[in-house]
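Encoded as structure tokens, the structure appears first; notes follow it.
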Amino acid sequence: MTTAASGGTFSAAAPQAGAGAPGAGTGKARLALVGTGARSEMYIRAVLTDHADVAELAGLSDVNSGRVEFYQRLIKEVGGGSVPAPLVFDPADLTSFIRSNGITRVIITTPDYTHADYVVQALHAGADVVVEKPLTIDAEGCRRINAAVAETGRNVVVTFNYRYSPRNSALKEVISSGVIGTVTSVDFTWVLDTVHGADYFRRWHRQKENSGGLLVHKASHHFDLVNWWIDDSPARVYASGGLRFYGSENAELRGLGERPERGTGDVVTNGTNDAKDGKDPFVLDLRDDPRLQALYLDTEHLDGYRRDQDVFSAGITIEDNLALVVDYDGGPTLSYSLNAHSPWEGYRVAINGTEGRAELEVVERAAVAGSNDSKNVLDPSATPVSEDDAVRANGERLVVQRHWEPAYEVPILNGAGSHGGGDSLLLSDLFNGPGEDPLGRPSGYVDGLRSVAVGIAGNESLATGQPVRISELGLGADLRRAAQ
């Protein structure tokens with residue numbers, strides 16, 4: 001079994017208490033999945049197809065039985081009737097299910113605020129864990145998980161698929177080669193457009209107590225990239241930002257007028273005058289997407305969760321404009337900004353070194369036409385889109401320039417599938433073991449701590465107006481690279 005600080009793989013060894021459980025001894029890793037929202041489908045399909053030879057889905061669980069039934073139908077469809085149906089269990093019974101059914105690994109794709117509870121339960125029950133980012137949303141969750149890892153010796157993997165995206169791997173290769181010398185600073189800007197960015201303000205993410213805000217939920221991906229790119233650990237964070245576009249107060253200031261409570265319903269008159277067809281571009285009608293309707297609209301009577309809340313309604317407690325300065329143990333400084341209401345989506349990162357500079361620019365979606373435009377996939381990084389506008393083109397470019405020399409472009413070789421083929425590489429590492437990787441893409445438990453530590457410190461800085469040292473947060477672990 002891999003250590004808690006290393007990249008993880010699926011162990012086929014069943015917990016001792018469940019050695020006699022049905023399916024044990026097949027030589028396959030026995031998996032239980034908790035949380036059957038949209039994100040879980042990637043793992044379910046992987047187990048049923050490319051990795052069926054090494055893993056089997058033994059259990060499926062969610063607080064909403066309707067979403068479980070959705071994936072039961074999908075499993076039957078993809079498996080062609082030849083795959084045994086996973087057992088369904090109550091999330092509250094996770095511990096007993098693990099021990100009674102020989103579960104070796106638990107995959108957690110639940111809302112962020114529940115991660116710590118499920119991770120700790122799974123570890124103490126005798127299973128390893130794969131958890132969607134972020135690891136958890138606050139310092140207390142970090143302490144609890146760290147204690148459980150220390151007590152059990154079991155493995156936790158936080159999945160950072162952005163590392164596997166070819167463009168991000170190419171930048172890592174440039175930095176690791178030493179061509180720009182020793183890294184001195186990083187300038188990183190990420191913009192979410194008014195389809196993808198807006199979506200965080202209509203779902204459960206809109207309340208910081210659920211998600212930790214975008215600094216934790218979304219930006220933990222970005223902070224992990226920086227930590228990995230420069231092979232360093234964050235030490236001090238100063239943050240500034242606020243809710244300046246979405247929410248009821250901003251809508252009132254801009255005179256948007258009366259708005260619907262949710263997007264699914266009668267066509268709403270556009271109060272922003274942004275849509276030529278008269279439809280409000282910020283309205284998400286769940287009936288326009290059969291998958292969203294099946295997962296959320298058709299099941300909301302079971303738990304009351306509304307997936308299509310108005311982004312300009314009251315009750316939003318997360319920020320949509322954020323800026324951070326992060327000092328690193330090794331000396332570099334990161335300047336980071338996030339905007340969640342941009343007209344285009346993508347990012348720009350510049351790595352400054354003692355010998356030169358590397359610049360990566362990515363346009364994932366050049367323009368959007370409204371939440372209900374069938375061309376507008378929710379996340380253009382996962383599902384590439386081809387539409388450009390007259391000025392800005394979708395694409396990516398990595399440029400390196402050494403001191404006293406002309407710039408040159410570094411080719412980026414994309415593969416098939418989402419995130420430029422990165423998701424399939426991530427899943428292969430998870431199910432088959434990472435093997436040798438000179439780029440160190442497989443992430444471990446401490447990587448998850450490092451990434452979320454920046455957002456947790458950032459939230460504390462937002463609350464106090466002061467810079468925050470990560471070592472003073474009491475996360476329960478020493479995150480310095482030299483300490484590993």
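Chain lettering (A, B, ...) mirrors the order of the structure tokens, residue numbering begins at 1 for each chain separately, and ligand numbering begins at 1 in order of display.
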Nearby residues (only C-alpha atoms) at most 12 Å from Pro332 (chain A), same-chain spacing under 3 positions excluded, as an MDAnalysis selection string | chainID A and resid 182:187 226:227 229:236 325:329 335 351:354
Picked from region 181-228 of chain A by DSSP as strand (DSSP E), as a PyMOL selection string | chain A and resi 183-193
Restrict the calculation to only C-alpha atoms, then for each residue of region 207-282 of chain A with any atom at most 10 Å from an atom of region 134-151 of chain A give the closest atom pair and their distance in Å to one decimal, rows by chain and rising residue number, as JSON lines.
{"residue": "A:Lys208", "atom": "CA", "partner": "A:Ile137", "partner_atom": "CA", "distance": 8.9}
{"residue": "A:Glu209", "atom": "CA", "partner": "A:Ile137", "partner_atom": "CA", "distance": 8.3}
{"residue": "A:Asn210", "atom": "CA", "partner": "A:Ile137", "partner_atom": "CA", "distance": 8.0}
{"residue": "A:Ser211", "atom": "CA", "partner": "A:Ile137", "partner_atom": "CA", "distance": 6.4}
{"residue": "A:Gly212", "atom": "CA", "partner": "A:Ile137", "partner_atom": "CA", "distance": 5.0}
{"residue": "A:Gly213", "atom": "CA", "partner": "A:Ile137", "partner_atom": "CA", "distance": 8.6}
{"residue": "A:Leu215", "atom": "CA", "partner": "A:Ile137", "partner_atom": "CA", "distance": 9.7}
{"residue": "A:Val216", "atom": "CA", "partner": "A:Ile137", "partner_atom": "CA", "distance": 6.4}
{"residue": "A:His217", "atom": "CA", "partner": "A:Pro134", "partner_atom": "CA", "distance": 5.8}
{"residue": "A:Lys218", "atom": "CA", "partner": "A:Pro134", "partner_atom": "CA", "distance": 8.1}
{"residue": "A:Ala219", "atom": "CA", "partner": "A:Pro134", "partner_atom": "CA", "distance": 9.1}
{"residue": "A:Ser220", "atom": "CA", "partner": "A:Pro134", "partner_atom": "CA", "distance": 6.3}
{"residue": "A:His221", "atom": "CA", "partner": "A:Pro134", "partner_atom": "CA", "distance": 8.0}
Test item, alpha helix (DSSP H) assignment across region 133-304 of chain A, answer as an NGL selection string = :A and (139-152 or 166-177 or 196-199 or 208-211 or 214-217 or 219-230 or 248-253 or 290-295 or 300-303)
Do you know which residues are at most 6 Å from Ala366 (chain A) counting only C-alpha atoms, after dropping those on the same chain fewer than 2 positions away, and could you put them as a PyMOL selection string?
-> chain A and resi 344+388+392-394
Now that the selection is made, can you save its residues with N, CA and C atoms as a short mmCIF file (atom, residue, chain, number, x, y, z; two decimals), in the first residue's frame?
data_model
loop_
_atom_site.label_atom_id
_atom_site.label_comp_id
_atom_site.auth_asym_id
_atom_site.auth_seq_id
_atom_site.Cartn_x
_atom_site.Cartn_y
_atom_site.Cartn_z
N TRP A 344 -15.48 35.67 -21.36
CA TRP A 344 -14.78 34.53 -21.94
C TRP A 344 -14.17 33.71 -20.81
N ASP A 388 -15.64 30.31 -31.93
CA ASP A 388 -14.82 31.47 -31.62
C ASP A 388 -15.61 32.73 -31.96
N ARG A 392 -11.26 36.83 -30.54
CA ARG A 392 -10.63 35.88 -29.62
C ARG A 392 -10.89 34.45 -30.10
N ALA A 393 -9.83 33.64 -30.19
CA ALA A 393 -9.97 32.27 -30.67
C ALA A 393 -9.70 31.29 -29.54
N ASN A 394 -10.50 30.22 -29.50
CA ASN A 394 -10.23 29.15 -28.55
C ASN A 394 -8.87 28.53 -28.88
#
Residues of region 172-281 of chain A within 10 Å of region 286-305 of chain A: nearest atom pair and distance (Å, one decimal) for each, counting only C-alpha atoms, sorted by chain and number, as JSON lines?
{"residue": "A:Arg203", "atom": "CA", "partner": "A:Tyr305", "partner_atom": "CA", "distance": 8.7}
{"residue": "A:Trp204", "atom": "CA", "partner": "A:Tyr305", "partner_atom": "CA", "distance": 8.3}
{"residue": "A:Arg262", "atom": "CA", "partner": "A:Leu286", "partner_atom": "CA", "distance": 9.9}
{"residue": "A:Gly263", "atom": "CA", "partner": "A:Leu286", "partner_atom": "CA", "distance": 7.5}
{"residue": "A:Thr264", "atom": "CA", "partner": "A:Leu286", "partner_atom": "CA", "distance": 5.8}
{"residue": "A:Gly265", "atom": "CA", "partner": "A:Arg287", "partner_atom": "CA", "distance": 8.8}
List as CSV every residue of region 49-78 of chain A that is in contact with region 91-107 of chain A, defined as an atom at most 12 Å from one of its atoms (using only C-alpha atoms), together with the nearest atom pair and the distance in Å rounded to one decimal, sorted by chain and then rising number.
residue,atom,partner,partner_atom,distance
A:Ala55,CA,A:Arg105,CA,9.8
A:Glu56,CA,A:Ile103,CA,10.0
A:Leu57,CA,A:Ile103,CA,9.4
A:Ala58,CA,A:Ile103,CA,7.5
A:Gly59,CA,A:Phe97,CA,8.2
A:Leu60,CA,A:Pro91,CA,9.0
A:Ser61,CA,A:Pro91,CA,5.8
A:Asp62,CA,A:Pro91,CA,6.1
A:Val63,CA,A:Pro91,CA,6.6
A:Asn64,CA,A:Pro91,CA,10.0
A:Ser65,CA,A:Pro91,CA,10.9
A:Val68,CA,A:Pro91,CA,11.6
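Interatomic distance, CA of Gly178 (chain A) to CA of Ser337 (chain A): 26.3 Å.
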Using only C-alpha atoms, which of the listed residues (A:Ala38, A:Val179, A:Val195, A:Leu430) sits closest to Asp128 (chain A)?
-> A:Leu430
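Nearest to Ala314 (chain A) of all the residues A:Ser342, A:Gln121, A:Gln207, A:Thr333 is A:Gln207, based on only C-alpha atoms.
What separates CA of Gly79 (chain A) from CA of Thr109 (chain A) is a distance of 21.3 Å.
The smallest atom-to-atom distance between Leu334 (chain A) and any of A:Thr317, A:Ser461, A:Thr189, A:Ser176, using only C-alpha atoms, is found for A:Thr189.
For the pair CA of His115 (chain A) and CA of Val131 (chain A), the interatomic distance is 7.4 Å.
Between Tyr113 (chain A) and the residues A:Glu173, A:Val88, A:Ile316, A:His205, the shortest atom-to-atom distance, using only C-alpha atoms, involves A:His205.
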